[in-house]
Number of protein chains: 8
Amino acid sequence: MSPSRLAELLEAVRRGELPVPEALDRLRDLPYSELREAKIDNHRELRQGYPEVVFCQGKTKEQVREILGYMIRERTHNVLATRAEADLFAAVSDLHPELRYNPLGRTLVLAREPPTAVGEGTLALITAGTADRPVAEEALETARLFGIRVERIDDVGVAGLHRLVAYLPVLRRARVLIVVAGMEGALASVVAGLVSSPVIAVPTSVGYGASFGGLAALLTMLNSCAGGVGVVNIDNGYGAACLAGAILRA
Amino acid sequence: MSPSRLAELLEAVRRGELPVPEALDRLRDLPYSELREAKIDNHRELRQGYPEVVFCQGKTKEQVREILGYMIRERTHNVLATRAEADLFAAVSDLHPELRYNPLGRTLVLAREPPTAVGEGTLALITAGTADRPVAEEALETARLFGIRVERIDDVGVAGLHRLVAYLPVLRRARVLIVVAGMEGALASVVAGLVSSPVIAVPTSVGYGASFGGLAALLTMLNSCAGGVGVVNIDNGYGAACLAGAILRA
Amino acid sequence: MSPSRLAELLEAVRRGELPVPEALDRLRDLPYSELREAKIDNHRELRQGYPEVVFCQGKTKEQVREILGYMIRERTHNVLATRAEADLFAAVSDLHPELRYNPLGRTLVLAREPPTAVGEGTLALITAGTADRPVAEEALETARLFGIRVERIDDVGVAGLHRLVAYLPVLRRARVLIVVAGMEGALASVVAGLVSSPVIAVPTSVGYGASFGGLAALLTMLNSCAGGVGVVNIDNGYGAACLAGAILRA
Amino acid sequence: MSPSRLAELLEAVRRGELPVPEALDRLRDLPYSELREAKIDNHRELRQGYPEVVFCQGKTKEQVREILGYMIRERTHNVLATRAEADLFAAVSDLHPELRYNPLGRTLVLAREPPTAVGEGTLALITAGTADRPVAEEALETARLFGIRVERIDDVGVAGLHRLVAYLPVLRRARVLIVVAGMEGALASVVAGLVSSPVIAVPTSVGYGASFGGLAALLTMLNSCAGGVGVVNIDNGYGAACLAGAILRA
Amino acid sequence: MSPSRLAELLEAVRRGELPVPEALDRLRDLPYSELREAKIDNHRELRQGYPEVVFCQGKTKEQVREILGYMIRERTHNVLATRAEADLFAAVSDLHPELRYNPLGRTLVLAREPPTAVGEGTLALITAGTADRPVAEEALETARLFGIRVERIDDVGVAGLHRLVAYLPVLRRARVLIVVAGMEGALASVVAGLVSSPVIAVPTSVGYGASFGGLAALLTMLNSCAGGVGVVNIDNGYGAACLAGAILRA
Amino acid sequence: MSPSRLAELLEAVRRGELPVPEALDRLRDLPYSELREAKIDNHRELRQGYPEVVFCQGKTKEQVREILGYMIRERTHNVLATRAEADLFAAVSDLHPELRYNPLGRTLVLAREPPTAVGEGTLALITAGTADRPVAEEALETARLFGIRVERIDDVGVAGLHRLVAYLPVLRRARVLIVVAGMEGALASVVAGLVSSPVIAVPTSVGYGASFGGLAALLTMLNSCAGGVGVVNIDNGYGAACLAGAILRA
Amino acid sequence: MSPSRLAELLEAVRRGELPVPEALDRLRDLPYSELREAKIDNHRELRQGYPEVVFCQGKTKEQVREILGYMIRERTHNVLATRAEADLFAAVSDLHPELRYNPLGRTLVLAREPPTAVGEGTLALITAGTADRPVAEEALETARLFGIRVERIDDVGVAGLHRLVAYLPVLRRARVLIVVAGMEGALASVVAGLVSSPVIAVPTSVGYGASFGGLAALLTMLNSCAGGVGVVNIDNGYGAACLAGAILRA
Amino acid sequence: MSPSRLAELLEAVRRGELPVPEALDRLRDLPYSELREAKIDNHRELRQGYPEVVFCQGKTKEQVREILGYMIRERTHNVLATRAEADLFAAVSDLHPELRYNPLGRTLVLAREPPTAVGEGTLALITAGTADRPVAEEALETARLFGIRVERIDDVGVAGLHRLVAYLPVLRRARVLIVVAGMEGALASVVAGLVSSPVIAVPTSVGYGASFGGLAALLTMLNSCAGGVGVVNIDNGYGAACLAGAILRA
C-alpha cells in the first residue's frame with residue numbers, strides 16, 4: 001500500500017465518506033496477507049525499504065512451500081529465502097523455473113526483475129578465511145537482491161596482514177564494509193582502524209573449542225578498540241546485508 | 001599529515017632525493033606523537049574522520065593529565081575525554097578555562113572551534129528510560145563534537161508504546177538512529193521495525209539481577225528480528241556516536 | 001482419592017476404628033500407582049487440578065509404553081504425553097484406536113471425554129513467528145485438554161507492529177495470554193505493555209547464533225520493563241499452559 | 001484519559017468537527033506528561049490497571065525528585081518508588097509529610113487514599129529465609145498499594161520441610177502465591193507441587209559463591225518439575241506483585 | 001604390589017642387596033602395566049580401594065578392546081567399563097562369555113567373583129524421575145561391583161512430595177544416599193533436609209532448554225540450603241558410587 | 001522434641017485423648033520457635049545431627065541480634081554464626097561474655113559445653129595456599145563445634161608437590177578429608193588420587209581474572225579424574241564441615 | 001620470496017629502475033597465491049618459520065581439494081592438513097600417492113622431504129588419558145613435520161601420580177613440554193610444578209557434563225598456580241605444536 | 001638444597017651410613033620452611049629456576065609481613081611480592097630500607113643482588129593501550145628480577161596499525177614477546193602473524209561492558225588464527241614473565 005493511497009483513505013474518513021469501522025477493516029487487511037501458516041508483511045517495503053524475506057530455519061517444508069508459493073503466485077517482487085537446506089530446495093524447486101539455490105549460502109532466490117541500485121557507493125564484503133564463506137554468501141545474495149554493488153575480498157585474516165594491505169584501495173573506496181570472521185574475529189578491529197566508513201562486523205561460528213560457537217568472535221567485535229563498528233548476530237550474513245542496505249539508502 | 005604531503009614524500013623517494021632510511025624515519029615520526037605514557041594517533045583524523053579521543057577508565061590521573069595537557073598545548077583540535085569521573089575533572093580542570101565537564105555523561109570537552117557539520121541528515125538519539133540517560137549523554141557529547149545534528153527522544157520504552165508512536169515523524173526523518181536501552185532492550189527491535197534508516201543499538205547495564213550487567217539487552221539487540229540493526233558494546237555511547245558519524249559521513 | 005474419602009479415613013483413626021499402621025498403609029498406597037518404571041501420581045488432580053502428564057524425553061520407548069498402557073487400561077482420564085517423537089508414536093499407537101499424534105507439537109493425546117471448561121475467560125495464544133509454532137502447538141494441545149478456551153494469534157513479531165495492533169481487541173479481552181517468541185523475544189514486553197491481564201512468556205530456541213538456544217529470549221522476557229509477566233522455561237509450551245490453567249482456575 | 005473520552009474524541013473526528021492534525025495533537029498530549037527528565041505514563045492505569053511506579057536505580061537524586069515532585073503535586077494517585085536507597089529518601093522526604101520509607105524493602109510510599117481491593121482472593125507471600133526478606137518487603141509494599149490482601153509465611157526453606165507443612169492450609173486457600181527464595185530456590189517447586197493456584201517464583205541473589213548472584217535460584221525455578229510456576233527477574237519483588245495483581249484482577 | 005612386598009624391597013636397598021638403579025626399575029614397573037594404548041593402574045586398589053575402571057567415552061573400539069582384553073586375560077579382578085555404547089559392546093563381547101551389558105546404564109560388567117561387602121550400612125539410590133534412570137543404572141552397576149548394598153527409590157521428584165514421604169524409613173536407615181535428579185534438581189535439598197547421613201547429589205542433563213545440559217540442577221545442588229550434601233559431575237553415576245564406596249569404607 | 005515424645009503424642013491421638021486439631025497445634029508448635037524475624041528449627045538436631053546455625057550474610061544486625069539473643073537466652077546448645085563481619089560482632093558481643101569471634105573465618109562461636117566427639121576417625125583439613133585460609137577457618141570452627149577431630153595441613157598446593165607428599169601419612173590415616181583450594185583447584189584431584197577415604201572439595205574464590213570468582217576451581221573439582229570426591233559450594237567451608245560430620249557420623 | 005630478493009627489489013625502487021606502481025604490483029603478487037577459493041600465504045615461512053597449513057573444518061571438499069591440489073602441484077613444500085574427516089581424505093587421496101592419513105589425529109600429511117630439525121632440545125608430549133590421544137596425535141603430526149624431536153608420555157593423569165613420577169627424567173630433560181588433558185586438566189599444573197622448561201597446556205573436550213566441552217580444563221590451565229604455563233585453545237593440538245616450534249626455534 | 005647434596009644423601013643411604021627413616025626426615029625438612037602462616041618452597045629454584053614469589057591478594061597484612069620478614073631475614077635471595085596494595089606496602093616497608101614499591105604494577109621488590117641474565121635474547125613487552133600498563137608493569141618488575149632483558153613498546157593497539165608497524169624491527173629481533181591487551185585483545189593475533197618467535201598473550205580486564213572483566217580478550221587470544229601464541233590468565237603479568245623466563249632459559 002503506497003503512502004499516497006494511505007493519505008487518500010485517511011482523507012475519506014475525514015470527509016465522512018468512509019465509516020470508521022470500515023476504514024479500520026481496510027487498514028487491517030492491507031498491510032499483510034494472512035496465510036494459514038504465516039502473515040506476509042506487505043507493508044515492510046514501504047517501512048523498511050525491502051520486501052519480507054523467508055527465514056526457513058525452524059519451519060517445516062510444508063510451511064515454507066505455502067509461504068513461497070503465495071509470494072511467487074500473488075506477488076511480483078523478487079523473492080529471497082535464507083537458511084534453506086538442500087532438501088528444502090528439492091521440495092520447492094517446482095514452484096518456479098527460475099528459482100535458484102546457492103548451496104554454500106543456503107539461499108533461495110527468485111530474481112524476476114533486476115534490483116534497483118541502492119544509493120551510490122559500493123559495499124566491500126570481506127572474509128577472514130575460506131571457512132567463513134557460507135556466511136558471506138548469504139550476505140552476498142541478500143545484498144545483490146537489494147541492489148547493492150559488492151566488491152569481495154576473501155581470505156585476508158590478520159595472521160597474514162600483507163594480504164589485507166594489498167586491498168587497501170578497495171577498503172578505502174567502499175562506502176560501507178562487511179567483515180565476516182570467525183575464530184578470534186580480530187579482522188573487524190583491524191579493518192575499522194584503516195577506514196573511515198562504517199564497518200559491519202559478522203562473527204561466525206568457525207573455530208576450535210573456545211570459540212564457543214562464535215561467542216569469541218562476537219565479543220571481540222563488540223569490544224573493538226577501533227570506532228565505527230556495528231555488530232550483528234553470529235553467522236547472520238543476511239542481517240549484515242540489511243544493515244548495509246539501510247546505510248547506503250540513508 | 002595530509003595525503004598530499006604523503007604523496008610528495010613518496011615522490012621524493014622515487015626521485016632519489018630522499019634516502020630510504022630517512023624516509024622511514026619521517027614516516028615513523030609523523031603519524032603519532034610519542035608521550036611518556038601514550039602515543040597520540042595524529043593520523044587518525046586522516047584515516048577515520050575524527051581525532052583520537054581519550055578513554056580515561058583504567059588510566060591514572062597523572063596519565064590523563066599528561067595526555068590532555070599535550071593535546072591542549074600542542075594541538076588545535078577540539079578535545080574529548082570519556083569515562084572521566086568527577087575527581088579526574090578536578091585534577092585537570094586547570095589545563096584550560098573552557099574545559100567543560102558533563103557529570104551525567106562523564107565526559108570532558110574542550111570545544112575550541114565549532115565542529116564542521118557531518119553530511120546532511122540528523123541523528124535521532126532515543127532512550128528507553130531515564131536511567132539510560134548517562135549513556136545517551138556520552139553519545140550526545142561525542143556526536144555534537146563530531147558535528148552531528150541530534151534530535152533527542154527520551155523515556156519511550158516499550159512498556160508504553162504510545163509514547164514512542166507519538167514520535168514517529170522524528171524517527172522517520174532521521175538518517176540514522178541510536179537506541180539506548182537497558183533491561184530487556186526490546187526498544188531497538190521495535191524502532192527498527194518502524195524505520196528504514198540504520199539503527200545503532202546500545203545495550204545498557206541498567207536493570208535487575210538477570211540483566212547480568214547488560215548482557216540481556218545485548219543479546220536482545222543482537223537477535224533483533226527486525227533488520228537494519230548494528231550493535232555496539234554495553235554502555236558504549238561513545239562507540240555508537242562514532243558509528244553514527246561514519247554512517248552520516250559515508 | 002477424593003477429599004471426602006480422606007476426611008472419612010482420618011475420622012476413622014480418630015474414632016479408633018482404624019489402627020494407625022493400617023491408616024498409614026492406606027494413605028501410602030492411594031496417592032500413586034507404582035509401576036516397574038515409574039510412579040503415577042494419582043493424587044495430583046486433587047492437589048493441582050490436572051492429571052499427571054507423561055514427559056517422554058529421556059524415556060525409552062519401553063518405559064513410555066508401560067506408563068501409557070497403564071494409564072489407558074487402568075484409568076479413565078484423558079491422557080497427554082509431550083515431547084514424543086514420531087517413532088515413539090509408532091511404538092505406542094496400537095494402545096488405543098483414538099490416540100492422536102500432533103507431529104508439530106510432538107504431543108500424544110487420548111481425549112476420551114470432553115474436558116470440563118476451566119473458569120470463564122479465554123486464553124490468547126500468540127506467536128512471534130511461524131518457527132515458534134511447535135512450542136505453541138504443545139501449549140495448545142495441553143490447554144485444550146485442560147478445558148481452556150483458546151484464541152490464536154500467529155506470526156505477529158515486533159518487526160511489524162501493525163500486525164499485532166490489528167489484534168488489540170483479542171489481546172484485551174483475554175483473561176490470560178501466552179506469548180511464544182524466539183530470537184530477541186521482545187514481543188512479550190510489548191504485549192504486556194498493552195494489556196492488564198497476566199502474560200505468560202515462553203522463550204523459544206528459534207534463532208541465529210547468539211540466541212544461544214533461547215537464552216537471549218529468556219533473558220529478554222525476565223527483564224521485561226512491562227509488569228505482569230511470568231516466564232517459563234525455554235520451549236516449554238506445556239508449562240505455559242499449566243500456568244494458564246492455574247490462573248484461570250484461581 | 002478515560003475510554004469514554006477517547007470514544008468521544010474519535011466521534012468528533014468522524015463528524016468532521018475535529019480536524020485530523022488537531023486530533024493527533026490531543027492524542028499525543030494526553031497519554032503522558034513530559035517532564036524534563038522523564039515521561040510519566042498517565043495512560044498506564046487505563047491499560048494495565050495500576051499507575052506508573054518510579055524505579056529509582058540508575059537515576060540521580062535530582063531526576064527522582066523531579067518525577068516524584070510532579071506526581072505528588074499534579075496527580076492525586078498513590079505513589080510508589082522502588083530501589084530507593086536511604087540517602088535518596090533523605091533527599092525527597094520534604095516533598096510530602098506522609099511519604100513513608102521502608103529501609104528493608106527500599107521502597108517509598110505515599111498512600112493518600114486506601115487502595116481499592118483487587119478481586120476476591122488472597123496472596124500468600126512466602127520466603128525461604130530471613131535474608132530473602134528485603135525482596136519480599138518490596139513485593140509486600142507493592143501488593144498493598146495495589147489493594148491485594150496478603151498473608152505472609154516467612155523462613156520456611158526446604159531444609160526443614162515441617163515448617164512449610166504447618167502452613168499448608170494458608171498455602172491452599174491462597175488464590176495466588178509468591179515464593180521468594182535464594183540459594184538453590186527449591187522452595188518454588190515444592191510449593192507448586194502442593195497447590196493448584198498459580199505460583200510466582202522470585203529468585204533472590206542471596207547465597208554463597210556458585211549462586212552467581214541469583215542465577216542458581218533462577219534456573220531452578222525455570223526448570224521446576226511442578227507445573228503452574230511463572231518466574232520473574234532476580235530480586236524483582238515489585239514485578240512479582242504486579243503479576244499477582246494481574247492474576248487477581250483477571 | 002602389596003605393602004609388605006614394598007617394605008621388603010626397601011629393606012633390600014638398605015642392606016645393599018639391591019642396587020639403587022635396579023630398585024628404581026622395579027618400582028617403576030610394578031605399579032602399572034603399560035599397554036600400547038594405556039597404562040593400567042595396578043596400584044589403585046591398594047591406594048583407593050577399588051580397581052581401575054575403563055571410561056570408554058572418547059576411546060576407539062580398538063583401544064577399549066586392547067585394554068579390556070588385557071584386564072580379562074592377565075588379571076583376575078572383576079571388570080567394569082562405563083559409557084559403553086551398544087556397538088562397542090558388540091565389538092568386545094567375544095572377550096569373555098560372561099561379559100554383561102546394561103544398555104540403559106551403558107555399562108559393561110564382568111563379575112568373576114562376588115564382590116566383598118563394603119562396611120555395614122546400605123546405600124539409598126534415589127531418582128527424581130524415570131528419565132534419570134540411565135544415570136542411576138550406572139551408579140547401581142558400579143555400587144554392586146564395589147560390594148555396596150543398595151536400596152532403590154525411583155520417581156519421587158518434589159512435584160509430588162507424598163511419594164517421597166512414603167519412603168522416609170528407607171531414607172533414614174541408609175548410611176549414605178545418592179540423589180539423581182535433573183530439571184531443577186530440588187530433590188537433593190529436600191532429601192538432605194530429612195536425613196542425617198551424607199547425601200551425594202548427581203545432577204542429570206534431563207530437562208527443557210534452560211536446564212542447559214544439567215547446569216541448572218548442578219547449581220541447585222551446589223547451593224543446597226540443607227547441609228551434608230556433596231555434589232559430583234553432571235550425569236556422573238559412576239563417580240557418585242565411588243564416593244559412596246569411600247564413605248562406607250571410611 | 002524427642003522421638004519418644006512424638007510417639008507418645010501420636011498414641012494419645014489414637015486413644016482419642018487428644019483431639020485432632022489440638023494434636024496439629026502441638027505438632028506445629030514444637031519443631032520450631034517462631035521469632036519475629038525467623039523460625040528457629042528446633043527439630044534439626046533430631047533430624048540432621050547438629051543444631052541450626054545462623055547464616056548472617058544478607059541479614060540486618062537487628063535480625064541477627066534477635067535470633068542469636070533468642071538462642072543464647074532460651075536454649076542451652078552451643079551457638080555458631082557464619083559470614084559475620086567484624087561490625088556485626090561489635091553489635092552482638094554483649095549478648096554473652098564468652099561469645100568468641102574469628103576474624104579470618106568470620107565466625108561467631110559460643111561454646112557453652114565441650115562438643116561430643118563424632119565417630120572415631122579424624123578429618124584432614126588441607127589448604128592449597130595461605131589465601132584459602134579464611135574458608136578453612138570457617139570449616140575448622142564448624143568442625144570443632146560438631147565434635148570433629150581435625151588435623152590441618154596448610155599451603156600444600158600442587159605447584160610444589162613435595163610439600164604435599166611429606167604429609168602422606170596424615171592424608172592416609174584420615175577418615176575424611178577436606179581440600180580447600182582456589183586458582184585451578186587441582187589439589188582435590190591429586191589428593192583424591194592418593195587416598196581411599198572420601199574427599200570433600202571446597203573451591204575458593206581466590207585467584208586471578210579467569211578464576212571467575214571460584215568457577216574455575218569449582219569446575220576442576222567437579223571434573224576430578226580421581227574418584228571419591230564430593231564438591232560443595234564456592235567458599236563454603238561451613239558446608240564442607242557439615243558433610244564431613246555426616247560422613248563421620250554415618 | 002626470500003629476504004634477499006626483497007632487499008633487491010627495494011634497492012631497484014631507490015635507484016629509479018623500478019617504477020613505484022610496478023613495485024607495488026610485484027610486492028602484492030609475491031606474498032600469496034590467489035586461488036578461486038583461498039589465498040595461500042607464501043610469505044608465512046619467511047615470517048613465521050613454517051608453511052601455511054590447511055585447516056579443513058568448515059571448508060567443503062571442493063575447497064580443500066583445490067587448495068591441496070595447488071600446494072601439491074605448484075609448490076615443493078611438505079603439506080599438512082588438519083581437522084580432516086575420513087571422507088575428506090577419500091575425496092583427495094588421489095592427489096598424490098604418498099598422501100598419508102592419520103584417522104585418530106584427523107591429519108593429512110605429504111612428507112616429500114625430511115623436515116629440518118628445529119633447534120636442539122626435545123619436546124615431551126604428555127597426555128592425561130587415552131581419550132586425549134586424538135589431540136595429541138594432531139600435535140605429534142604437526143611437530144614431526146616441523147622437524148621437532150618428540151618424546152611421548154601417555155596416560156599419566158593425576159589420579160595416579162606414580163605413573164607420572166616414573167617419567168620425571170624425561171620431563172626434566174625436555175626443552176619444552178606439551179600437556180594434553182581433559183576432564184579437570186590438573187596435569188598441566190602438576191607438570192609445571194616439576195620442571196623449569198615452558199609447559200604448553202592443551203585442554204581437551206574429553207569429560208562428563210560439567211566439563212562443558214573443555215571449558216573446565218581450559219579454566220584450570222589458565223589458573224595454574226605453577227608458573228611457566230602457556231595455554232592454547234581447546235583441542236588445539238596443532239596450535240600447541242606451533243608454539244613448541246616457536247619456542248625451540250627461539 | 002643443591003642437586004649434588006641430594007646425590008650425596010642418596011649415596012649415604014645406599015652405603016648404609018644413613019638409615020632410611022633419617023634420610024626421609026632430612027628430605028622432608030629441606031625443601032621448604034614451615035612458618036606459622038605458610039610454607040616457603042626453598043626447592044623451587046632448583047626445580048623451576050626462580051625463587052618463590054609472594055602473591056599478596058587474599059592474604060592479611062600480618063600473613064604477608066610474616067612471610068616477607070622471614071624471606072628477608074633468613075634468606076639471601078632477591079624478593080618479589082605481587083598484587084600488593086599501597087596500604088600493604090605501608091605495613092611492611094620497615095622490613096628493609098631498600099624495599100621498593102611500584103604503585104602502578106602493585107609490586108614489592110627487594111633487589112639485593114643484580115639478577116643473573118637469562119639466556120641470550122630479549123623480551124619485547126608490548127601493550128595495546130595506556131590502561132594496560134599496570135599489568136605490563138607487573139610483568140616488567142618480574143622479568144627484570146628474573147634477569148630478562150626487556151624492550152618495551154607501549155600503546156600500539158590495532159586501531160592504529162601504523163604505530164605497531166614502526167616497531168617491526170624490535171618485534172622481529174625479540175626472542176620472545178609478551179602482548180598485553182584488553183578490550184578485544186586483537187593485538188596478540190596481529191603480532192603473532194608478524195613474527196616467528198613465541199608470543200605470550202596476556203588479556204587484561206580493561207574495557208567496556210561486554211569485555212566481561214577480560215573474558216573477551218581472553219577468548220580472542222585463545223582463538224588466535226595466527227600460530228605460536230600461548231595465553232596466560234587475565235591480568236596475569238607475573239605469569240607471563242614466568243613463561244618468558246622459562247622460554248629464554250630453555
# chains A, B, ... in the order shown; residues from 1 in each chain; ligands from 1
>>> residues_around(residues="region 212-219 of chain A", least_positions_apart="6", cutoff="6 Å", atoms="only C-alpha atoms", output="PyMOL selection string")
(chain A and resi 182-185+203-205) or (chain H and resi 216+219-220)
>>> write_last_selection(atoms="C-alpha atoms", output="short mmCIF file (atom, residue, chain, number, x, y, z; two decimals), in the first residue's frame")
data_model
loop_
_atom_site.label_atom_id
_atom_site.label_comp_id
_atom_site.auth_asym_id
_atom_site.auth_seq_id
_atom_site.Cartn_x
_atom_site.Cartn_y
_atom_site.Cartn_z
CA GLY A 182 35.32 -16.48 12.96
CA MET A 183 37.99 -17.70 15.35
CA GLU A 184 39.17 -14.58 17.15
CA GLY A 185 37.43 -12.16 14.77
CA PRO A 203 31.09 -13.07 13.83
CA THR A 204 30.97 -16.63 12.54
CA SER A 205 30.81 -19.91 14.37
CA ALA H 216 36.50 -11.07 25.58
CA LEU H 219 38.74 -15.72 24.15
CA THR H 220 40.22 -13.65 21.35
#
>>> residues_around(residues="Leu125 (chain A)", least_positions_apart="3", cutoff="7 Å", atoms="only C-alpha atoms", output="JSON, numbers by chain")
{"A": [150, 151, 152, 153, 177, 178, 179]}
>>> write_last_selection(atoms="N, CA and C atoms", output="PDB file, in the first residue's frame")
ATOM      1  N   VAL A 150      28.683  -4.896  -4.908  1.00  0.00           N
ATOM      2  CA  VAL A 150      29.558  -5.552  -3.933  1.00  0.00           C
ATOM      3  C   VAL A 150      30.939  -5.782  -4.520  1.00  0.00           C
ATOM      4  N   GLU A 151      31.979  -5.493  -3.739  1.00  0.00           N
ATOM      5  CA  GLU A 151      33.339  -5.914  -4.084  1.00  0.00           C
ATOM      6  C   GLU A 151      33.782  -6.907  -3.008  1.00  0.00           C
ATOM      7  N   ARG A 152      34.249  -8.077  -3.449  1.00  0.00           N
ATOM      8  CA  ARG A 152      34.603  -9.106  -2.479  1.00  0.00           C
ATOM      9  C   ARG A 152      36.106  -9.166  -2.240  1.00  0.00           C
ATOM     10  N   ILE A 153      36.463  -9.396  -1.008  1.00  0.00           N
ATOM     11  CA  ILE A 153      37.870  -9.619  -0.639  1.00  0.00           C
ATOM     12  C   ILE A 153      37.857 -10.836   0.272  1.00  0.00           C
ATOM     13  N   LEU A 177      31.394  -1.402   4.762  1.00  0.00           N
ATOM     14  CA  LEU A 177      32.149  -2.652   4.691  1.00  0.00           C
ATOM     15  C   LEU A 177      31.493  -3.694   5.586  1.00  0.00           C
ATOM     16  N   ILE A 178      31.496  -4.924   5.122  1.00  0.00           N
ATOM     17  CA  ILE A 178      31.088  -6.042   5.971  1.00  0.00           C
ATOM     18  C   ILE A 178      32.315  -6.915   6.190  1.00  0.00           C
ATOM     19  N   VAL A 179      32.629  -7.183   7.458  1.00  0.00           N
ATOM     20  CA  VAL A 179      33.750  -8.060   7.772  1.00  0.00           C
ATOM     21  C   VAL A 179      33.200  -9.331   8.400  1.00  0.00           C
TER      22      VAL A 179
END
>>> atom_distance(atom1="CA of Gly105 (chain H)", atom2="CA of Gly228 (chain G)")
19.8 Å
>>> interface_residues(of="chain A", to="chain B", cutoff="10 Å", atoms="only C-alpha atoms", output="VMD selection string")
chain A and resid 44 to 50 121 172 174 to 176 192 to 202 218 to 219 221 to 234 236 238 to 250
>>> residues_around(residues="Ala86 (chain D)", least_positions_apart="6", cutoff="12 Å", atoms="only C-alpha atoms", output="number ranges by chain")
D: 56, 61, 92-93, 100-108
>>> decode(residues="region 185-220 of chain C", atoms="C-alpha atoms", output="compact mmCIF listing (two decimals), in the first residue's frame")
# COMPACT_ATOMS: atom_id res chain seq x y z
CA GLY C 185 11.67 -12.30 22.41
CA ALA C 186 10.63 -8.67 22.58
CA LEU C 187 7.01 -9.49 21.85
CA ALA C 188 6.35 -10.39 25.48
CA SER C 189 7.25 -6.92 26.75
CA VAL C 190 5.29 -5.23 24.02
CA VAL C 191 2.16 -7.30 24.65
CA ALA C 192 2.45 -6.85 28.41
CA GLY C 193 2.57 -3.09 27.90
CA LEU C 194 -0.76 -3.25 26.06
CA VAL C 195 -2.91 -5.35 28.39
CA SER C 196 -3.81 -5.61 32.06
CA SER C 197 -4.16 -9.40 32.17
CA PRO C 198 -1.27 -11.66 33.13
CA VAL C 199 1.17 -12.55 30.35
CA ILE C 200 2.95 -15.90 30.32
CA ALA C 201 6.16 -15.60 28.34
CA VAL C 202 7.65 -18.66 26.64
CA PRO C 203 11.09 -18.15 25.13
CA THR C 204 11.87 -20.47 22.23
CA SER C 205 15.15 -21.79 20.93
CA VAL C 206 14.45 -20.32 17.49
CA GLY C 207 17.17 -18.00 16.25
CA TYR C 208 20.65 -17.35 14.91
CA GLY C 209 23.89 -17.99 16.85
CA ALA C 210 23.73 -15.53 19.71
CA SER C 211 20.25 -16.63 20.68
CA PHE C 212 22.23 -19.37 22.42
CA GLY C 213 19.43 -21.89 22.27
CA GLY C 214 16.81 -19.50 23.61
CA LEU C 215 18.89 -17.80 26.29
CA ALA C 216 18.53 -14.42 24.60
CA ALA C 217 14.75 -14.57 24.54
CA LEU C 218 14.69 -15.93 28.08
CA LEU C 219 16.71 -13.01 29.44
CA THR C 220 14.64 -10.54 27.46
